[in-house]
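> Before I ask anything, here is the structure I am working with.
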Amino acid sequence: MERFPFILQVTAKTAFLFILPQYNVSVPAADSETVHYHYGPKDLVTILFYVFITVILHAVVQEYILDKISKRLHLSKVKHSKFNESGQLVIFHLSSVVWCFYVVVTEGYLTNPRSLWEDYPHVYLPFQVKFFYLCQLAYWLHALPELYFQKVRKEEIPRQLQYICLYLVHIAGAYLLNLSRLGLLLLLLQYSTEFLFHTARLFYFADENNEKLFSAWAAVFGVTRLFILTLAVLAIGFGLARMENQAFDPEKGNFNTLLCRVTQGGHGRQGPTGTPCLSVSLRFLGYHENGVVKAENGTSPRTKKLKSP
């Protein structure tokens, strides 16, 4: 019986390794100490745990929400696959926008743009910031096996792989290079645009005559890209470039060098889609070719001009 407390203690420590962010440190504050976190190899264990959680949530959303809606709409196999993709992304982007907005407001990043580069490197993260990044990485990693589980068509796999990998590179880059504050604001803008696009896509698959949301998305896309470019130039090209500690020092988490700034600045201007988003988004529809909406097999003589971008 005396062994049980020890066993429970070991089990609890192991469980915490999977469930909670690791590498907590006490950082002196004005009146007391606050607990912050930095990254390390144990983060991979936590990310792996939430990959499995995300796979389960993905299956629940698919079975109890998306499948029931698609059956009522009597979608074909091609439309059904694309409807599922956008349905999952709408839920993810909406929850991420709400969560990210809460984080940037409560941490003061939204009201104080100088905090994006002041006191860089931002090695120590608040709990909610680190947990957000771990969950984001877990989501995009879970999307890789979902390509198999969802039986995605072979011709669709390269596009989705590019989409997933670009998000992973950008999110992991902001996390590992200690640009988490800038990354949060860029993700907030990007996810807001993606949410509107996939919402418009769902309405389009439900009714091909419903294309008004694409016009709204195109307008929002232009505004958000302007803000993304402005933030990237302000934080990387102006803020970090004028700081004194311009050195490559991985031990201290400092990557403020000209090469890193140019690389990150280029990513900020390009965006996670990796190419001009208007043309990419049209290809997401799966029917657009040379300004004409095609049938699923690409050979239907019935065509109509596409009003939306």
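In the structure tokens, chains take letters A, B, ... by order of appearance, with residues numbered from 1 within each chain and ligands from 1 in the order shown.
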Show me, as a PyMOL selection string, the residues that have an atom within 9 Å of Gly253 in chain A when counting only C-alpha atoms, minus same-chain residues fewer than 5 positions from it.

chain A and resi 120-123+176-178+248

> Select from range 26-229 of chain A everything DSSP, run on the backbone, classes as alpha helix (DSSP H), then give the selection as a ChimeraX atom specification.

/A:43-61,67-73,77-106,127-149,157-176,180-206,212-229

> Using DSSP secondary structure from the backbone, list all strand (DSSP E) positions within range 23-104 of chain A, as JSON, numbers by chain.

{"A": [24, 25, 26, 27, 28, 33, 34, 35, 36, 37]}

> Could you save the residues just selected, with all heavy atoms, as a JSON list (two decimals), in the first residue's frame?


```json
[["chain", "number", "residue", "atom", "x", "y", "z"],
["A", 24, "ASN", "N", 8.84, 25.93, -16.99],
["A", 24, "ASN", "CA", 8.36, 27.13, -16.31],
["A", 24, "ASN", "C", 9.48, 27.72, -15.44],
["A", 24, "ASN", "O", 10.27, 27.00, -14.83],
["A", 24, "ASN", "CB", 7.14, 26.81, -15.46],
["A", 24, "ASN", "CG", 7.40, 25.73, -14.44],
["A", 24, "ASN", "OD1", 7.92, 24.68, -14.77],
["A", 24, "ASN", "ND2", 7.04, 25.99, -13.18],
["A", 25, "VAL", "N", 9.53, 29.03, -15.39],
["A", 25, "VAL", "CA", 10.51, 29.75, -14.58],
["A", 25, "VAL", "C", 9.81, 30.91, -13.89],
["A", 25, "VAL", "O", 8.80, 31.43, -14.39],
["A", 25, "VAL", "CB", 11.69, 30.28, -15.42],
["A", 25, "VAL", "CG1", 12.51, 29.15, -16.00],
["A", 25, "VAL", "CG2", 11.18, 31.19, -16.53],
["A", 26, "SER", "N", 10.35, 31.32, -12.76],
["A", 26, "SER", "CA", 9.80, 32.48, -12.03],
["A", 26, "SER", "C", 10.52, 33.74, -12.48],
["A", 26, "SER", "O", 11.75, 33.82, -12.39],
["A", 26, "SER", "CB", 9.95, 32.28, -10.52],
["A", 26, "SER", "OG", 9.21, 31.16, -10.09],
["A", 27, "VAL", "N", 9.76, 34.69, -12.96],
["A", 27, "VAL", "CA", 10.31, 35.95, -13.45],
["A", 27, "VAL", "C", 9.92, 37.06, -12.47],
["A", 27, "VAL", "O", 8.74, 37.24, -12.17],
["A", 27, "VAL", "CB", 9.80, 36.29, -14.86],
["A", 27, "VAL", "CG1", 10.36, 37.62, -15.35],
["A", 27, "VAL", "CG2", 10.17, 35.17, -15.82],
["A", 28, "PRO", "N", 10.89, 37.81, -11.95],
["A", 28, "PRO", "CA", 10.57, 38.90, -11.01],
["A", 28, "PRO", "C", 9.68, 39.95, -11.66],
["A", 28, "PRO", "O", 9.91, 40.36, -12.80],
["A", 28, "PRO", "CB", 11.93, 39.48, -10.65],
["A", 28, "PRO", "CG", 12.91, 38.40, -10.97],
["A", 28, "PRO", "CD", 12.34, 37.66, -12.14],
["A", 33, "GLU", "N", 6.53, 37.67, -8.05],
["A", 33, "GLU", "CA", 7.09, 36.89, -9.14],
["A", 33, "GLU", "C", 5.98, 36.29, -9.98],
["A", 33, "GLU", "O", 4.93, 35.90, -9.46],
["A", 33, "GLU", "CB", 7.99, 35.77, -8.60],
["A", 33, "GLU", "CG", 9.27, 36.26, -7.96],
["A", 33, "GLU", "CD", 10.16, 35.11, -7.54],
["A", 33, "GLU", "OE1", 9.67, 33.97, -7.49],
["A", 33, "GLU", "OE2", 11.35, 35.35, -7.28],
["A", 34, "THR", "N", 6.19, 36.24, -11.28],
["A", 34, "THR", "CA", 5.22, 35.62, -12.18],
["A", 34, "THR", "C", 5.87, 34.43, -12.86],
["A", 34, "THR", "O", 7.08, 34.41, -13.09],
["A", 34, "THR", "CB", 4.73, 36.61, -13.25],
["A", 34, "THR", "OG1", 5.87, 37.09, -14.00],
["A", 34, "THR", "CG2", 4.02, 37.79, -12.61],
["A", 35, "VAL", "N", 5.06, 33.44, -13.18],
["A", 35, "VAL", "CA", 5.55, 32.23, -13.82],
["A", 35, "VAL", "C", 5.46, 32.38, -15.33],
["A", 35, "VAL", "O", 4.39, 32.67, -15.89],
["A", 35, "VAL", "CB", 4.75, 30.99, -13.37],
["A", 35, "VAL", "CG1", 5.24, 29.74, -14.09],
["A", 35, "VAL", "CG2", 4.86, 30.82, -11.86],
["A", 36, "HIS", "N", 6.58, 32.23, -16.01],
["A", 36, "HIS", "CA", 6.64, 32.26, -17.46],
["A", 36, "HIS", "C", 7.27, 30.95, -17.97],
["A", 36, "HIS", "O", 7.72, 30.12, -17.18],
["A", 36, "HIS", "CB", 7.45, 33.46, -17.95],
["A", 36, "HIS", "CG", 6.70, 34.75, -17.90],
["A", 36, "HIS", "ND1", 6.21, 35.28, -16.74],
["A", 36, "HIS", "CD2", 6.34, 35.62, -18.89],
["A", 36, "HIS", "CE1", 5.57, 36.41, -16.99],
["A", 36, "HIS", "NE2", 5.64, 36.65, -18.29],
["A", 37, "TYR", "N", 7.30, 30.81, -19.28],
["A", 37, "TYR", "CA", 7.78, 29.56, -19.88],
["A", 37, "TYR", "C", 8.71, 29.86, -21.05],
["A", 37, "TYR", "O", 8.58, 30.88, -21.72],
["A", 37, "TYR", "CB", 6.59, 28.72, -20.38],
["A", 37, "TYR", "CG", 5.63, 28.30, -19.31],
["A", 37, "TYR", "CD1", 4.67, 29.18, -18.80],
["A", 37, "TYR", "CD2", 5.67, 27.01, -18.77],
["A", 37, "TYR", "CE1", 3.79, 28.80, -17.80],
["A", 37, "TYR", "CE2", 4.79, 26.61, -17.78],
["A", 37, "TYR", "CZ", 3.86, 27.51, -17.31],
["A", 37, "TYR", "OH", 2.99, 27.13, -16.31]]
```

> Return the single residue from A:Ala200, A:Leu234, A:Ile91, A:Val78 that is closest to His58 in chain A, with distances computed using only C-alpha atoms.

A:Ile91

> May I have the residues within 8 Å of range 135-150 of chain A as number ranges by chain, using only C-alpha atoms and disregarding those fewer than 6 positions away in the same chain?

A: 47-48, 50-52, 54-55, 81, 157, 161, 164-165, 167-168, 171-172

> Near Leu231 in chain A, within 9 Å and counting only C-alpha atoms, which residues show up once chain neighbours fewer than 2 positions away are dropped, as a PyMOL selection string?

chain A and resi 113+182+185-186+226-229+233-236+268

> Might you pull out every residue within 9 Å of Leu240 in chain A, with only C-alpha atoms counted and same-chain residues fewer than 3 positions away left off, and present them as JSON, numbers by chain?

{"A": [117, 118, 120, 234, 235, 236, 237, 243, 244, 245, 246, 256, 257, 261]}

> Just the selected residues (N, CA, C and O atoms), exported as a PDB file, in the first residue's frame, please.


```
ATOM      1  N   TRP A 117       8.781  44.500 -30.459  1.00  0.00           N
ATOM      2  CA  TRP A 117      10.241  44.384 -30.590  1.00  0.00           C
ATOM      3  C   TRP A 117      11.014  44.823 -29.343  1.00  0.00           C
ATOM      4  O   TRP A 117      12.165  44.487 -29.187  1.00  0.00           O
ATOM      5  N   GLU A 118      10.379  45.566 -28.453  1.00  0.00           N
ATOM      6  CA  GLU A 118      11.071  45.976 -27.240  1.00  0.00           C
ATOM      7  C   GLU A 118      11.418  44.771 -26.367  1.00  0.00           C
ATOM      8  O   GLU A 118      10.647  43.814 -26.279  1.00  0.00           O
ATOM      9  N   TYR A 120      13.460  42.492 -26.894  1.00  0.00           N
ATOM     10  CA  TYR A 120      13.768  41.264 -27.621  1.00  0.00           C
ATOM     11  C   TYR A 120      15.147  40.762 -27.199  1.00  0.00           C
ATOM     12  O   TYR A 120      16.048  41.580 -26.969  1.00  0.00           O
ATOM     13  N   LEU A 234       7.260  47.325 -39.697  1.00  0.00           N
ATOM     14  CA  LEU A 234       7.417  48.091 -38.468  1.00  0.00           C
ATOM     15  C   LEU A 234       8.240  47.330 -37.436  1.00  0.00           C
ATOM     16  O   LEU A 234       9.178  47.876 -36.841  1.00  0.00           O
ATOM     17  N   ALA A 235       7.886  46.051 -37.216  1.00  0.00           N
ATOM     18  CA  ALA A 235       8.543  45.282 -36.165  1.00  0.00           C
ATOM     19  C   ALA A 235       9.924  44.786 -36.575  1.00  0.00           C
ATOM     20  O   ALA A 235      10.880  44.873 -35.793  1.00  0.00           O
ATOM     21  N   ILE A 236      10.045  44.278 -37.797  1.00  0.00           N
ATOM     22  CA  ILE A 236      11.303  43.656 -38.225  1.00  0.00           C
ATOM     23  C   ILE A 236      12.232  44.666 -38.895  1.00  0.00           C
ATOM     24  O   ILE A 236      13.413  44.750 -38.573  1.00  0.00           O
ATOM     25  N   GLY A 237      11.671  45.431 -39.831  1.00  0.00           N
ATOM     26  CA  GLY A 237      12.521  46.360 -40.574  1.00  0.00           C
ATOM     27  C   GLY A 237      12.851  47.636 -39.837  1.00  0.00           C
ATOM     28  O   GLY A 237      13.857  48.297 -40.129  1.00  0.00           O
ATOM     29  N   MET A 243      17.656  48.047 -32.823  1.00  0.00           N
ATOM     30  CA  MET A 243      18.044  47.626 -31.483  1.00  0.00           C
ATOM     31  C   MET A 243      19.554  47.419 -31.415  1.00  0.00           C
ATOM     32  O   MET A 243      20.214  47.122 -32.416  1.00  0.00           O
ATOM     33  N   GLU A 244      20.101  47.560 -30.213  1.00  0.00           N
ATOM     34  CA  GLU A 244      21.542  47.432 -30.028  1.00  0.00           C
ATOM     35  C   GLU A 244      22.007  45.978 -30.051  1.00  0.00           C
ATOM     36  O   GLU A 244      23.104  45.686 -30.523  1.00  0.00           O
ATOM     37  N   ASN A 245      21.198  45.083 -29.538  1.00  0.00           N
ATOM     38  CA  ASN A 245      21.633  43.681 -29.419  1.00  0.00           C
ATOM     39  C   ASN A 245      21.400  42.926 -30.723  1.00  0.00           C
ATOM     40  O   ASN A 245      20.604  42.003 -30.808  1.00  0.00           O
ATOM     41  N   GLN A 246      22.090  43.329 -31.762  1.00  0.00           N
ATOM     42  CA  GLN A 246      22.003  42.659 -33.055  1.00  0.00           C
ATOM     43  C   GLN A 246      23.119  41.624 -33.143  1.00  0.00           C
ATOM     44  O   GLN A 246      24.235  41.933 -33.556  1.00  0.00           O
ATOM     45  N   ASN A 256      18.528  38.227 -33.801  1.00  0.00           N
ATOM     46  CA  ASN A 256      18.356  39.539 -34.426  1.00  0.00           C
ATOM     47  C   ASN A 256      19.556  39.853 -35.317  1.00  0.00           C
ATOM     48  O   ASN A 256      20.399  40.690 -34.995  1.00  0.00           O
ATOM     49  N   THR A 257      19.616  39.176 -36.457  1.00  0.00           N
ATOM     50  CA  THR A 257      20.652  39.444 -37.450  1.00  0.00           C
ATOM     51  C   THR A 257      19.997  39.870 -38.754  1.00  0.00           C
ATOM     52  O   THR A 257      18.788  39.678 -38.946  1.00  0.00           O
ATOM     53  N   ARG A 261      16.296  38.753 -40.171  1.00  0.00           N
ATOM     54  CA  ARG A 261      15.280  39.793 -40.395  1.00  0.00           C
ATOM     55  C   ARG A 261      14.784  39.769 -41.834  1.00  0.00           C
ATOM     56  O   ARG A 261      13.587  39.920 -42.085  1.00  0.00           O
TER      57      ARG A 261
END
```

> List as a list in words the protein and nucleic acid residues near Trp217 in chain A, meaning an atom at most 6 Å away when only C-alpha atoms are counted, but skip any in the same chain fewer than 4 places from it.

Leu196, Phe197 and Phe221 of chain A

> So that I have them on file, write out the residues from the current selection with N, CA and C atoms, as an mmCIF file, in the first residue's frame.


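The resulting selection_24.cif:
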```
data_model
loop_
_atom_site.group_PDB
_atom_site.id
_atom_site.type_symbol
_atom_site.label_atom_id
_atom_site.label_comp_id
_atom_site.auth_asym_id
_atom_site.auth_seq_id
_atom_site.Cartn_x
_atom_site.Cartn_y
_atom_site.Cartn_z
ATOM 1 N N LEU A 196 -13.205 34.057 -43.168
ATOM 2 C CA LEU A 196 -14.191 34.613 -44.091
ATOM 3 C C LEU A 196 -14.164 33.878 -45.424
ATOM 4 N N PHE A 197 -12.964 33.537 -45.899
ATOM 5 C CA PHE A 197 -12.871 32.837 -47.181
ATOM 6 C C PHE A 197 -13.555 31.475 -47.128
ATOM 7 N N PHE A 221 -9.430 40.877 -47.512
ATOM 8 C CA PHE A 221 -8.106 40.359 -47.835
ATOM 9 C C PHE A 221 -7.126 41.499 -48.109
#
```

> Name the closest residue to Arg114 in chain A among the candidates A:Ala247, A:Glu155, A:Ala219, A:Gly239; distances are taken between atoms, counting only C-alpha atoms.

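The closest residue to Arg114 in chain A is A:Gly239.
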
> Give the answer as one residue: which of A:Leu202, A:Ile53, A:Val90, A:Val103 has the shortest atom-to-atom distance to Leu125 in chain A, using only C-alpha atoms?

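Closest residue, counting only C-alpha atoms: A:Val103.
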
> Kindly indicate which residue among A:Arg159, A:Leu116, A:Arg201, A:Tyr133 lies nearest to Ser215 in chain A, using only C-alpha atoms for the distances.

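Among the listed residues, A:Arg201 lies closest to Ser215 in chain A.
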
> Which of these residues is nearest to Ile19 in chain A, using only C-alpha atoms: A:Leu134, A:Val262, A:Ile69, A:Leu187?

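For Ile19 in chain A, the nearest of the candidates is A:Leu134.
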
> As a list in words, please: the residues near His74 in chain A (cut-off 12 Å, only C-alpha atoms, same-chain neighbours under 6 positions excluded).

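Here the qualifying residues turn out to be Asp67, Lys68, His80, Phe83, Phe205, Ala206 and Asp207 of chain A.
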
> Would you save the residues of that selection, restricted to all heavy atoms, as an mmCIF file, in the first residue's frame?


```
data_model
loop_
_atom_site.group_PDB
_atom_site.id
_atom_site.type_symbol
_atom_site.label_atom_id
_atom_site.label_comp_id
_atom_site.auth_asym_id
_atom_site.auth_seq_id
_atom_site.Cartn_x
_atom_site.Cartn_y
_atom_site.Cartn_z
ATOM 1 N N ASP A 67 -20.925 15.837 -41.579
ATOM 2 C CA ASP A 67 -21.556 14.762 -42.346
ATOM 3 C C ASP A 67 -23.069 14.925 -42.414
ATOM 4 O O ASP A 67 -23.692 14.666 -43.454
ATOM 5 C CB ASP A 67 -21.212 13.399 -41.731
ATOM 6 C CG ASP A 67 -19.796 12.966 -42.066
ATOM 7 O OD1 ASP A 67 -19.180 13.605 -42.942
ATOM 8 O OD2 ASP A 67 -19.300 12.000 -41.452
ATOM 9 N N LYS A 68 -23.674 15.370 -41.309
ATOM 10 C CA LYS A 68 -25.122 15.561 -41.299
ATOM 11 C C LYS A 68 -25.544 16.698 -42.226
ATOM 12 O O LYS A 68 -26.561 16.617 -42.916
ATOM 13 C CB LYS A 68 -25.600 15.832 -39.871
ATOM 14 C CG LYS A 68 -25.451 14.621 -38.952
ATOM 15 C CD LYS A 68 -26.001 14.905 -37.570
ATOM 16 C CE LYS A 68 -25.877 13.677 -36.684
ATOM 17 N NZ LYS A 68 -26.422 13.919 -35.313
ATOM 18 N N HIS A 80 -18.229 17.122 -51.563
ATOM 19 C CA HIS A 80 -18.264 16.655 -50.174
ATOM 20 C C HIS A 80 -16.890 16.786 -49.531
ATOM 21 O O HIS A 80 -16.755 17.227 -48.384
ATOM 22 C CB HIS A 80 -18.733 15.202 -50.149
ATOM 23 C CG HIS A 80 -18.863 14.635 -48.777
ATOM 24 N ND1 HIS A 80 -17.853 13.913 -48.164
ATOM 25 C CD2 HIS A 80 -19.879 14.687 -47.868
ATOM 26 C CE1 HIS A 80 -18.240 13.543 -46.950
ATOM 27 N NE2 HIS A 80 -19.462 13.995 -46.747
ATOM 28 N N PHE A 83 -16.170 20.499 -49.055
ATOM 29 C CA PHE A 83 -17.044 21.016 -48.014
ATOM 30 C C PHE A 83 -16.504 20.642 -46.635
ATOM 31 O O PHE A 83 -16.492 21.471 -45.717
ATOM 32 C CB PHE A 83 -18.452 20.452 -48.199
ATOM 33 C CG PHE A 83 -19.446 20.945 -47.187
ATOM 34 C CD1 PHE A 83 -20.147 22.116 -47.405
ATOM 35 C CD2 PHE A 83 -19.683 20.242 -46.012
ATOM 36 C CE1 PHE A 83 -21.073 22.586 -46.469
ATOM 37 C CE2 PHE A 83 -20.593 20.690 -45.077
ATOM 38 C CZ PHE A 83 -21.293 21.868 -45.308
ATOM 39 N N PHE A 205 -20.648 26.163 -51.956
ATOM 40 C CA PHE A 205 -20.941 24.764 -52.204
ATOM 41 C C PHE A 205 -22.406 24.436 -51.914
ATOM 42 O O PHE A 205 -22.975 23.528 -52.522
ATOM 43 C CB PHE A 205 -20.033 23.876 -51.363
ATOM 44 C CG PHE A 205 -18.616 23.832 -51.861
ATOM 45 C CD1 PHE A 205 -17.555 23.983 -50.986
ATOM 46 C CD2 PHE A 205 -18.340 23.650 -53.200
ATOM 47 C CE1 PHE A 205 -16.248 23.948 -51.438
ATOM 48 C CE2 PHE A 205 -17.042 23.604 -53.673
ATOM 49 C CZ PHE A 205 -15.992 23.754 -52.787
ATOM 50 N N ALA A 206 -23.010 25.156 -50.982
ATOM 51 C CA ALA A 206 -24.422 24.951 -50.709
ATOM 52 C C ALA A 206 -25.299 25.501 -51.829
ATOM 53 O O ALA A 206 -26.334 24.930 -52.166
ATOM 54 C CB ALA A 206 -24.799 25.610 -49.382
ATOM 55 N N ASP A 207 -24.866 26.616 -52.440
ATOM 56 C CA ASP A 207 -25.599 27.241 -53.536
ATOM 57 C C ASP A 207 -24.601 27.982 -54.415
ATOM 58 O O ASP A 207 -24.032 28.979 -53.988
ATOM 59 C CB ASP A 207 -26.659 28.198 -52.989
ATOM 60 C CG ASP A 207 -27.478 28.856 -54.097
ATOM 61 O OD1 ASP A 207 -27.285 28.497 -55.282
ATOM 62 O OD2 ASP A 207 -28.299 29.743 -53.779
#
```
